[in-house]
Protein chains: 2
Amino acid sequence: MPLNIKQKKAIRKLLHFRSPRLTRTLEKLHPADIADLFQELNDREIPELIHALAQTGMAGQTLDELPEGILKNVLELIDDNLLVLIVNRLEPDSAVDFLQLLDEERQQRIVQQLPAPVRKRFQKLLSYEEDTAGALMTPDVFALPVDSTAQDAIDRIREAGDKLEAIFYLYVVDHERKLVGVVSLRQLILASPDTQLQDLMSLHPVSANVHDDQEHVSALVAKYDFLSIPVVDDQGVLVGVITVDDVIDVLEEEATEDFYHMAGLNDQERVFTPVMESVKMRIGWVLLNLVTASVAAAVVGVFEHKIAEAAVLATFMPLVAGMGGNSGSQTLAILVRGIALGELAFSKVWQTVLKKAAIGLILGLIAGGIAAILAYILHSNPWIGLVLFLAMAINMAFGALIGAIVPILLRALKKDPALGSGILVTALTDSVGYLVLFGISWMMWGRIVGH
Amino acid sequence: MPLNIKQKKAIRKLLHFRSPRLTRTLEKLHPADIADLFQELNDREIPELIHALAQTGMAGQTLDELPEGILKNVLELIDDNLLVLIVNRLEPDSAVDFLQLLDEERQQRIVQQLPAPVRKRFQKLLSYEEDTAGALMTPDVFALPVDSTAQDAIDRIREAGDKLEAIFYLYVVDHERKLVGVVSLRQLILASPDTQLQDLMSLHPVSANVHDDQEHVSALVAKYDFLSIPVVDDQGVLVGVITVDDVIDVLEEEATEDFYHMAGLNDQERVFTPVMESVKMRIGWVLLNLVTASVAAAVVGVFEHKIAEAAVLATFMPLVAGMGGNSGSQTLAILVRGIALGELAFSKVWQTVLKKAAIGLILGLIAGGIAAILAYILHSNPWIGLVLFLAMAINMAFGALIGAIVPILLRALKKDPALGSGILVTALTDSVGYLVLFGISWMMWGRIVGH
């Protein structure tokens, strides 16, 4: 259970006095709860805590619970010797996550100090591209040949003891170690001891290829409610397994990424990122946004002399741009999420786009209608009302249209459907909104100013 | 593995000819893959498919894979008798999900036709508030008394056979059925047959209360990497269990909700929602947005006569409002996600707010500086540049400030931190942006127009 304030204070005190009781206190806690402490400790306390954790053998597991941004900083506070010790004890998939956060020079230094067999396995894992099944999996996969019996399997699980990460399924392989079947732990308990695995197993288990994108693999696990999924190489040889807890992390990470990309953010920024680092991460997007906002400003600039004659049009700018932008963001949110959850059936893409545009148009006719009536009452000029009505209806329909098209196009171009889409959609609804507003006014100028 | 286009066509053909081969084809498929078919079938084909699925006993599992919005419509296409049959066969947690989608009258009609013991269980589950652990759990939890042996446990698992939903842990209860411990299936296999569960179990297992929010429970499962979490009532009595596959669904649902709420969307709208239903869902938000946009328009309206004198200020409106709004949305995305992932430590709330505002200010000084220099060059009036510089810097700092404050305040008020926050933040950055832009101009009016 999460630590309360009293417990946190007590641990800080023990840290401060370098009390030998610290390790005993830590041993009783869950690594995920100890990890919560790190946000509150300073750069002197953190290495002390890690040293104490290392004595209990919990250092790796605890650090593994930290958000990536914090872990990266924490790793810089630990000396090489301790880090080698921690990495050597970690599950291979977590160890690789740690190593990937180091700069290349330090990564190589740490890997060189690892025992030869461990080093070789890690180097193999590090060779897979980031965000692939290969980089996510652990190579410690529990598999037995088809001609083993249920009793063999149970004996092997007993032997392995705590060495294996949580076993959920027993994978069955042929003599070339190619994946041929799967047996659940429950089926194993239910089976009579001399049953052969080939009579017990389900054939053609769903598996991932080492090069598959981690997002795709996670969607499979979520879809079929798996606890783990086996990973095979291009020859069908079983090389690893991905467990559901890692899949949950990927799903959370991908949702965060979509959120951030829509708003035009670097995926690394968190609530705890230092100010100047955040500024560096965002400055590129801000400058891009400055360009898109300048385009909208230029559109208004074209009509500057008209605005001087009929300043009332300037008051319509927030209505046309704001409502159009919102219509775009709403459609965007639905499409980005629909793509992430696999709800967008490929065959109906254009139907979806037209549907969303129709929704935007209908809402635009309603909102534009109300706004137009109010404008007519305020300015007692029906033509001013008509301009506002048309501009709002057109821009809200346009917002919905591009809110649907932008993520679909980005996906078709094999880009992230959310990447910068919010900025792009708002920029377009701003510019097109002003163009439509002033363009239509221009066409009926006599009616607007002559009244 | 997902169906390809050929397989889908073949199934539609079998449906069309009401071929007896249909059930044999379906039996070989995974329910999650059959569910993908529903998006492409019409209202006549869907009931036919469900009838065929009912014959194979897969109807419930398949329907359970449908997104809520589609399931609701599909349930309306099935007659009462068939629905009773399907609901009766489902796991209780899924059955309750189905029943909750029906209108109250039909729900009662269906529940009344169920066998008495099933009815009683379902009524109990239906009594829990929506989105609580009680509503999410299945009451089929596998538990044994503390004085049972490992062999007893294995025998009981054998007896239960397929009746229990996936068993991951064995929960241990005292004579009042209060939860006292947990044994993993793996520990059970490793133990010698006559060990008592009390010597095997881990004490004080993390559990959820029936009234806990499902979001909170899911965060616990994700944090501790559990496969399932036991649910207890207010007396500590074990009443159910929530499995990791349901937790994944909740996490996906909550991420979607945050996305939608930020954009001002009803959580039910999906890519496949019919146009008029979407319009009905969104109209409330659109009207609210119309009010907030009108406030911004009113702010501009106050300065209408000034704009007529210096229309150049209208060209700055998209820059000040757009950049401020984006600064707000970015901060909002970080805070909403930070709250959802539990990354926002309670103790540092105000520090976080100030930090984000500082980031907005620094970026505002940079972007405002660049824009001001360009404006100065274009209009050869340094005062016009100064106005733009100040307005952008202030509005971008303000956007970041309220982008952080709005979700924190909403959470403090026990509201969803994302609810309508996007609309609120944009409305505020629009209005305040225009106020600052024209307000500052007014203060140095002689310098702006007199030049």
# chains A, B, ... in the order shown; residues from 1 in each chain; ligands from 1
$ residues_around --residues "Leu313 (chain A)" --least-positions-apart "4" --cutoff "8 Å" --atoms "only C-alpha atoms" --output "ChimeraX atom specification"
/A:307,317,437-438
$ residues_around --residues "Asp245 (chain B)" --least-positions-apart "3" --cutoff "8 Å" --atoms "only C-alpha atoms" --output "list in words"
Ala222, Asp225 and Phe226 of chain A; Ile248 and Asp249 of chain B
$ residues_around --residues "region 46-58 of chain A" --least-positions-apart "2" --cutoff "8 Å" --atoms "only C-alpha atoms" --output "PyMOL selection string"
chain A and resi 15+22-23+26-27+31+38+41-44+60-62+74+77-78+82+86
$ select_by_dssp --residues "region 197-264 of chain A" --states "strand (DSSP E)" --output "ChimeraX atom specification"
/A:202-203,208-209,228-232,238-243
$ write_last_selection --atoms "C-alpha atoms" --output "tab-separated table (two decimals), in the first residue's frame"
chain	number	residue	atom	x	y	z
A	202	SER	CA	-3.43	-25.29	-28.44
A	203	LEU	CA	-1.99	-25.07	-31.95
A	208	ALA	CA	4.69	-11.41	-32.46
A	209	ASN	CA	7.72	-11.01	-34.73
A	228	SER	CA	1.78	-12.76	-22.39
A	229	ILE	CA	2.64	-13.16	-26.05
A	230	PRO	CA	5.54	-15.20	-27.48
A	231	VAL	CA	8.02	-13.47	-29.78
A	232	VAL	CA	9.57	-15.30	-32.74
A	238	LEU	CA	10.90	-18.68	-30.24
A	239	VAL	CA	13.26	-15.98	-28.93
A	240	GLY	CA	11.37	-14.23	-26.14
A	241	VAL	CA	8.13	-13.31	-24.44
A	242	ILE	CA	6.30	-10.05	-23.68
A	243	THR	CA	4.21	-9.95	-20.51
$ atom_distance --atom1 "CA of Ala314 (chain B)" --atom2 "CA of Val286 (chain B)"
25.2 Å
$ closest_residue --among "B:Val96, B:Ile384, B:Ile339, B:Val146" --to "Trp445 (chain B)" --atoms "only C-alpha atoms"
B:Ile384
$ residues_around --residues "region 321-328 of chain A" --least-positions-apart "2" --cutoff "9 Å" --atoms "only C-alpha atoms" --output "PDB file with N, CA and C atoms, in the first residue's frame"
ATOM      1  N   PHE A 316     -16.002  39.484 -34.998  1.00  0.00           N
ATOM      2  CA  PHE A 316     -16.433  38.140 -35.413  1.00  0.00           C
ATOM      3  C   PHE A 316     -15.271  37.152 -35.477  1.00  0.00           C
ATOM      4  N   MET A 317     -14.049  37.689 -35.483  1.00  0.00           N
ATOM      5  CA  MET A 317     -12.878  36.809 -35.656  1.00  0.00           C
ATOM      6  C   MET A 317     -12.808  35.701 -34.597  1.00  0.00           C
ATOM      7  N   PRO A 318     -12.975  36.029 -33.282  1.00  0.00           N
ATOM      8  CA  PRO A 318     -12.891  34.954 -32.293  1.00  0.00           C
ATOM      9  C   PRO A 318     -13.988  33.896 -32.474  1.00  0.00           C
ATOM     10  N   LEU A 319     -15.169  34.327 -32.924  1.00  0.00           N
ATOM     11  CA  LEU A 319     -16.267  33.378 -33.112  1.00  0.00           C
ATOM     12  C   LEU A 319     -15.968  32.412 -34.249  1.00  0.00           C
ATOM     13  N   GLN A 330     -12.334  18.484 -31.918  1.00  0.00           N
ATOM     14  CA  GLN A 330     -13.220  17.398 -31.518  1.00  0.00           C
ATOM     15  C   GLN A 330     -13.104  16.226 -32.485  1.00  0.00           C
ATOM     16  N   THR A 331     -13.177  16.531 -33.778  1.00  0.00           N
ATOM     17  CA  THR A 331     -13.089  15.471 -34.773  1.00  0.00           C
ATOM     18  C   THR A 331     -11.723  14.784 -34.700  1.00  0.00           C
ATOM     19  N   LEU A 332     -10.698  15.600 -34.497  1.00  0.00           N
ATOM     20  CA  LEU A 332      -9.338  15.095 -34.371  1.00  0.00           C
ATOM     21  C   LEU A 332      -9.234  14.095 -33.212  1.00  0.00           C
ATOM     22  N   ALA A 333      -9.793  14.468 -32.051  1.00  0.00           N
ATOM     23  CA  ALA A 333      -9.725  13.590 -30.881  1.00  0.00           C
ATOM     24  C   ALA A 333     -10.372  12.244 -31.184  1.00  0.00           C
ATOM     25  N   GLY A 360     -20.027  18.491 -38.494  1.00  0.00           N
ATOM     26  CA  GLY A 360     -19.505  19.847 -38.343  1.00  0.00           C
ATOM     27  C   GLY A 360     -20.398  20.869 -39.033  1.00  0.00           C
ATOM     28  N   LEU A 363     -23.739  21.303 -37.031  1.00  0.00           N
ATOM     29  CA  LEU A 363     -23.494  22.094 -35.822  1.00  0.00           C
ATOM     30  C   LEU A 363     -23.156  23.535 -36.196  1.00  0.00           C
ATOM     31  N   GLY A 364     -22.448  23.711 -37.313  1.00  0.00           N
ATOM     32  CA  GLY A 364     -22.099  25.050 -37.784  1.00  0.00           C
ATOM     33  C   GLY A 364     -23.344  25.838 -38.183  1.00  0.00           C
ATOM     34  N   ALA A 367     -25.038  26.744 -34.705  1.00  0.00           N
ATOM     35  CA  ALA A 367     -24.298  27.769 -33.957  1.00  0.00           C
ATOM     36  C   ALA A 367     -24.235  29.068 -34.763  1.00  0.00           C
ATOM     37  N   MET A 392     -19.245  31.027 -40.123  1.00  0.00           N
ATOM     38  CA  MET A 392     -19.200  30.029 -39.061  1.00  0.00           C
ATOM     39  C   MET A 392     -19.550  28.640 -39.582  1.00  0.00           C
ATOM     40  N   ALA A 393     -20.616  28.546 -40.368  1.00  0.00           N
ATOM     41  CA  ALA A 393     -21.042  27.239 -40.887  1.00  0.00           C
ATOM     42  C   ALA A 393     -19.944  26.623 -41.752  1.00  0.00           C
ATOM     43  N   ILE A 394     -19.373  27.452 -42.650  1.00  0.00           N
ATOM     44  CA  ILE A 394     -18.324  26.931 -43.545  1.00  0.00           C
ATOM     45  C   ILE A 394     -17.094  26.514 -42.734  1.00  0.00           C
ATOM     46  N   ASN A 395     -16.678  27.367 -41.784  1.00  0.00           N
ATOM     47  CA  ASN A 395     -15.451  27.047 -41.053  1.00  0.00           C
ATOM     48  C   ASN A 395     -15.630  25.851 -40.123  1.00  0.00           C
ATOM     49  N   MET A 396     -16.809  25.682 -39.535  1.00  0.00           N
ATOM     50  CA  MET A 396     -17.020  24.518 -38.665  1.00  0.00           C
ATOM     51  C   MET A 396     -17.075  23.224 -39.484  1.00  0.00           C
ATOM     52  N   ALA A 397     -17.663  23.286 -40.673  1.00  0.00           N
ATOM     53  CA  ALA A 397     -17.660  22.112 -41.552  1.00  0.00           C
ATOM     54  C   ALA A 397     -16.230  21.815 -42.006  1.00  0.00           C
ATOM     55  N   PHE A 398     -15.505  22.889 -42.360  1.00  0.00           N
ATOM     56  CA  PHE A 398     -14.117  22.723 -42.801  1.00  0.00           C
ATOM     57  C   PHE A 398     -13.256  22.158 -41.671  1.00  0.00           C
ATOM     58  N   GLY A 399     -13.445  22.674 -40.448  1.00  0.00           N
ATOM     59  CA  GLY A 399     -12.691  22.171 -39.286  1.00  0.00           C
ATOM     60  C   GLY A 399     -12.897  20.681 -39.101  1.00  0.00           C
ATOM     61  N   ALA A 400     -14.156  20.249 -39.152  1.00  0.00           N
ATOM     62  CA  ALA A 400     -14.457  18.828 -38.980  1.00  0.00           C
ATOM     63  C   ALA A 400     -13.830  18.012 -40.112  1.00  0.00           C
ATOM     64  N   LEU A 401     -13.897  18.567 -41.326  1.00  0.00           N
ATOM     65  CA  LEU A 401     -13.343  17.858 -42.482  1.00  0.00           C
ATOM     66  C   LEU A 401     -11.840  17.635 -42.328  1.00  0.00           C
ATOM     67  N   ILE A 402     -11.094  18.683 -42.021  1.00  0.00           N
ATOM     68  CA  ILE A 402      -9.641  18.489 -41.922  1.00  0.00           C
ATOM     69  C   ILE A 402      -9.267  17.800 -40.608  1.00  0.00           C
ATOM     70  N   GLY A 403     -10.100  17.964 -39.568  1.00  0.00           N
ATOM     71  CA  GLY A 403      -9.861  17.221 -38.324  1.00  0.00           C
ATOM     72  C   GLY A 403      -9.904  15.722 -38.565  1.00  0.00           C
ATOM     73  N   ALA A 404     -10.667  15.312 -39.566  1.00  0.00           N
ATOM     74  CA  ALA A 404     -10.714  13.883 -39.926  1.00  0.00           C
ATOM     75  C   ALA A 404      -9.616  13.530 -40.920  1.00  0.00           C
ATOM     76  N   GLY A 422      -2.865  18.918 -33.822  1.00  0.00           N
ATOM     77  CA  GLY A 422      -3.635  19.986 -33.192  1.00  0.00           C
ATOM     78  C   GLY A 422      -3.219  21.351 -33.722  1.00  0.00           C
ATOM     79  N   VAL A 425      -4.331  21.702 -37.468  1.00  0.00           N
ATOM     80  CA  VAL A 425      -5.770  21.911 -37.631  1.00  0.00           C
ATOM     81  C   VAL A 425      -6.175  23.315 -37.190  1.00  0.00           C
ATOM     82  N   THR A 426      -5.631  23.770 -36.066  1.00  0.00           N
ATOM     83  CA  THR A 426      -5.973  25.116 -35.597  1.00  0.00           C
ATOM     84  C   THR A 426      -5.455  26.172 -36.568  1.00  0.00           C
ATOM     85  N   ALA A 427      -4.250  25.954 -37.086  1.00  0.00           N
ATOM     86  CA  ALA A 427      -3.683  26.916 -38.037  1.00  0.00           C
ATOM     87  C   ALA A 427      -4.582  27.020 -39.264  1.00  0.00           C
ATOM     88  N   LEU A 428      -5.055  25.875 -39.749  1.00  0.00           N
ATOM     89  CA  LEU A 428      -5.895  25.871 -40.946  1.00  0.00           C
ATOM     90  C   LEU A 428      -7.256  26.506 -40.679  1.00  0.00           C
ATOM     91  N   THR A 429      -7.862  26.171 -39.522  1.00  0.00           N
ATOM     92  CA  THR A 429      -9.182  26.760 -39.235  1.00  0.00           C
ATOM     93  C   THR A 429      -9.065  28.259 -38.992  1.00  0.00           C
ATOM     94  N   ASP A 430      -7.962  28.709 -38.410  1.00  0.00           N
ATOM     95  CA  ASP A 430      -7.751  30.154 -38.236  1.00  0.00           C
ATOM     96  C   ASP A 430      -7.673  30.835 -39.603  1.00  0.00           C
ATOM     97  N   SER A 431      -6.751  30.358 -40.433  1.00  0.00           N
ATOM     98  CA  SER A 431      -6.508  31.031 -41.714  1.00  0.00           C
ATOM     99  C   SER A 431      -7.729  30.960 -42.616  1.00  0.00           C
ATOM    100  N   VAL A 432      -8.287  29.767 -42.758  1.00  0.00           N
ATOM    101  CA  VAL A 432      -9.451  29.615 -43.634  1.00  0.00           C
ATOM    102  C   VAL A 432     -10.641  30.387 -43.068  1.00  0.00           C
ATOM    103  N   GLY A 433     -10.779  30.364 -41.742  1.00  0.00           N
ATOM    104  CA  GLY A 433     -11.884  31.101 -41.117  1.00  0.00           C
ATOM    105  C   GLY A 433     -11.832  32.585 -41.446  1.00  0.00           C
ATOM    106  N   TYR A 434     -10.645  33.197 -41.291  1.00  0.00           N
ATOM    107  CA  TYR A 434     -10.519  34.639 -41.577  1.00  0.00           C
ATOM    108  C   TYR A 434     -10.722  34.914 -43.069  1.00  0.00           C
TER     109      TYR A 434
ATOM    110  N   ALA B 263     -11.327  18.023 -25.334  1.00  0.00           N
ATOM    111  CA  ALA B 263     -11.833  18.653 -26.551  1.00  0.00           C
ATOM    112  C   ALA B 263     -13.301  19.053 -26.400  1.00  0.00           C
ATOM    113  N   GLY B 264     -13.920  18.709 -25.257  1.00  0.00           N
ATOM    114  CA  GLY B 264     -15.340  18.999 -25.085  1.00  0.00           C
ATOM    115  C   GLY B 264     -16.194  18.052 -25.887  1.00  0.00           C
ATOM    116  N   VAL B 286     -21.185  22.608 -28.004  1.00  0.00           N
ATOM    117  CA  VAL B 286     -21.051  23.645 -29.021  1.00  0.00           C
ATOM    118  C   VAL B 286     -21.696  24.941 -28.539  1.00  0.00           C
ATOM    119  N   ASN B 289     -19.488  26.473 -26.031  1.00  0.00           N
ATOM    120  CA  ASN B 289     -18.364  27.085 -26.725  1.00  0.00           C
ATOM    121  C   ASN B 289     -18.771  28.397 -27.395  1.00  0.00           C
ATOM    122  N   LEU B 290     -20.039  28.431 -27.860  1.00  0.00           N
ATOM    123  CA  LEU B 290     -20.548  29.658 -28.486  1.00  0.00           C
ATOM    124  C   LEU B 290     -20.570  30.786 -27.455  1.00  0.00           C
ATOM    125  N   ALA B 293     -16.899  31.831 -26.783  1.00  0.00           N
ATOM    126  CA  ALA B 293     -16.363  32.571 -27.928  1.00  0.00           C
ATOM    127  C   ALA B 293     -17.013  33.954 -28.006  1.00  0.00           C
ATOM    128  N   PRO B 318      -4.701  36.920 -34.189  1.00  0.00           N
ATOM    129  CA  PRO B 318      -4.414  35.483 -34.292  1.00  0.00           C
ATOM    130  C   PRO B 318      -3.109  35.096 -33.596  1.00  0.00           C
ATOM    131  N   GLY B 422     -10.133  22.011 -22.247  1.00  0.00           N
ATOM    132  CA  GLY B 422      -9.610  22.586 -23.478  1.00  0.00           C
ATOM    133  C   GLY B 422     -10.394  23.827 -23.874  1.00  0.00           C
ATOM    134  N   ILE B 423     -11.721  23.706 -23.823  1.00  0.00           N
ATOM    135  CA  ILE B 423     -12.592  24.821 -24.184  1.00  0.00           C
ATOM    136  C   ILE B 423     -12.395  25.989 -23.217  1.00  0.00           C
ATOM    137  N   THR B 426      -8.902  27.672 -23.783  1.00  0.00           N
ATOM    138  CA  THR B 426      -8.874  28.462 -25.008  1.00  0.00           C
ATOM    139  C   THR B 426      -9.725  29.715 -24.860  1.00  0.00           C
ATOM    140  N   ALA B 427     -10.876  29.575 -24.223  1.00  0.00           N
ATOM    141  CA  ALA B 427     -11.750  30.734 -24.023  1.00  0.00           C
ATOM    142  C   ALA B 427     -11.021  31.805 -23.214  1.00  0.00           C
ATOM    143  N   ASP B 430      -8.126  33.381 -25.217  1.00  0.00           N
ATOM    144  CA  ASP B 430      -8.681  34.294 -26.224  1.00  0.00           C
ATOM    145  C   ASP B 430      -9.042  35.629 -25.568  1.00  0.00           C
TER     146      ASP B 430
END
$ atom_distance --atom1 "CA of Leu287 (chain A)" --atom2 "CA of Ile405 (chain A)"
24.1 Å
$ residues_around --residues "Glu159 (chain B)" --least-positions-apart "4" --cutoff "9 Å" --atoms "only C-alpha atoms" --output "number ranges by chain"
A: 190; B: 154-155
$ write_last_selection --atoms "C-alpha atoms" --output "PDB file, in the first residue's frame"
ATOM      1  CA  LEU A 190      -5.648 -30.216 -14.745  1.00  0.00           C
TER       2      LEU A 190
ATOM      3  CA  ILE B 154      -5.038 -28.263  -6.627  1.00  0.00           C
ATOM      4  CA  ASP B 155      -7.972 -30.670  -6.258  1.00  0.00           C
TER       5      ASP B 155
END
$ select_by_dssp --residues "region 13-230 of chain A" --states "alpha helix (DSSP H)" --output "JSON, numbers by chain"
{"A": [13, 14, 15, 16, 21, 22, 23, 24, 25, 26, 27, 31, 32, 33, 34, 35, 36, 37, 45, 46, 47, 48, 49, 50, 51, 52, 53, 54, 55, 56, 59, 60, 61, 62, 63, 64, 68, 69, 70, 71, 72, 73, 74, 75, 76, 80, 81, 82, 83, 84, 85, 86, 87, 88, 89, 92, 93, 94, 95, 96, 97, 98, 99, 100, 104, 105, 106, 107, 108, 109, 110, 111, 112, 116, 117, 118, 119, 120, 121, 122, 123, 124, 125, 126, 133, 134, 135, 136, 150, 151, 152, 153, 154, 155, 156, 157, 158, 159, 160, 185, 186, 187, 188, 189, 190, 197, 198, 199, 200, 214, 215, 216, 217, 218, 219, 220, 221, 222, 223, 224]}
$ residues_around --residues "Asn88 (chain A)" --least-positions-apart "4" --cutoff "8 Å" --atoms "only C-alpha atoms" --output "list in words"
Val84, Ala95, Leu114 and Val118 of chain A
$ write_last_selection --atoms "C-alpha atoms" --output "PDB file, in the first residue's frame"
ATOM      1  CA  VAL A  84      27.009  -2.712 -13.127  1.00  0.00           C
ATOM      2  CA  ALA A  95      18.286  -4.009 -17.917  1.00  0.00           C
ATOM      3  CA  LEU A 114      29.262  -7.350 -17.279  1.00  0.00           C
ATOM      4  CA  VAL A 118      25.129 -11.609 -19.758  1.00  0.00           C
TER       5      VAL A 118
END
$ residues_around --residues "Asp80 (chain B)" --least-positions-apart "4" --cutoff "12 Å" --atoms "only C-alpha atoms" --output "list in words"
Leu75, Glu76, Val84, Leu85, Ile86, Val87, Leu99, Leu102, Glu105, Arg106, Gln107, Gln108, Arg109, Ile110, Val111, Gln112, Gln113 and Leu114 of chain B
$ write_last_selection --atoms "C-alpha atoms" --output "PDB file, in the first residue's frame"
ATOM      1  CA  LEU B  75     -28.539  -5.641 -28.488  1.00  0.00           C
ATOM      2  CA  GLU B  76     -31.584  -3.830 -29.875  1.00  0.00           C
ATOM      3  CA  VAL B  84     -31.827 -14.148 -21.950  1.00  0.00           C
ATOM      4  CA  LEU B  85     -29.979 -17.206 -23.259  1.00  0.00           C
ATOM      5  CA  ILE B  86     -26.834 -15.192 -24.032  1.00  0.00           C
ATOM      6  CA  VAL B  87     -26.795 -13.223 -20.773  1.00  0.00           C
ATOM      7  CA  LEU B  99     -27.727  -5.358 -18.924  1.00  0.00           C
ATOM      8  CA  LEU B 102     -30.497  -1.774 -22.013  1.00  0.00           C
ATOM      9  CA  GLU B 105     -37.800  -1.575 -18.722  1.00  0.00           C
ATOM     10  CA  ARG B 106     -36.087  -4.136 -20.948  1.00  0.00           C
ATOM     11  CA  GLN B 107     -33.360  -4.697 -18.352  1.00  0.00           C
ATOM     12  CA  GLN B 108     -35.972  -5.686 -15.746  1.00  0.00           C
ATOM     13  CA  ARG B 109     -37.814  -7.898 -18.279  1.00  0.00           C
ATOM     14  CA  ILE B 110     -34.606  -9.791 -19.091  1.00  0.00           C
ATOM     15  CA  VAL B 111     -33.487 -10.107 -15.455  1.00  0.00           C
ATOM     16  CA  GLN B 112     -36.919 -11.509 -14.477  1.00  0.00           C
ATOM     17  CA  GLN B 113     -36.570 -14.324 -17.023  1.00  0.00           C
ATOM     18  CA  LEU B 114     -33.225 -15.515 -15.620  1.00  0.00           C
TER      19      LEU B 114
END
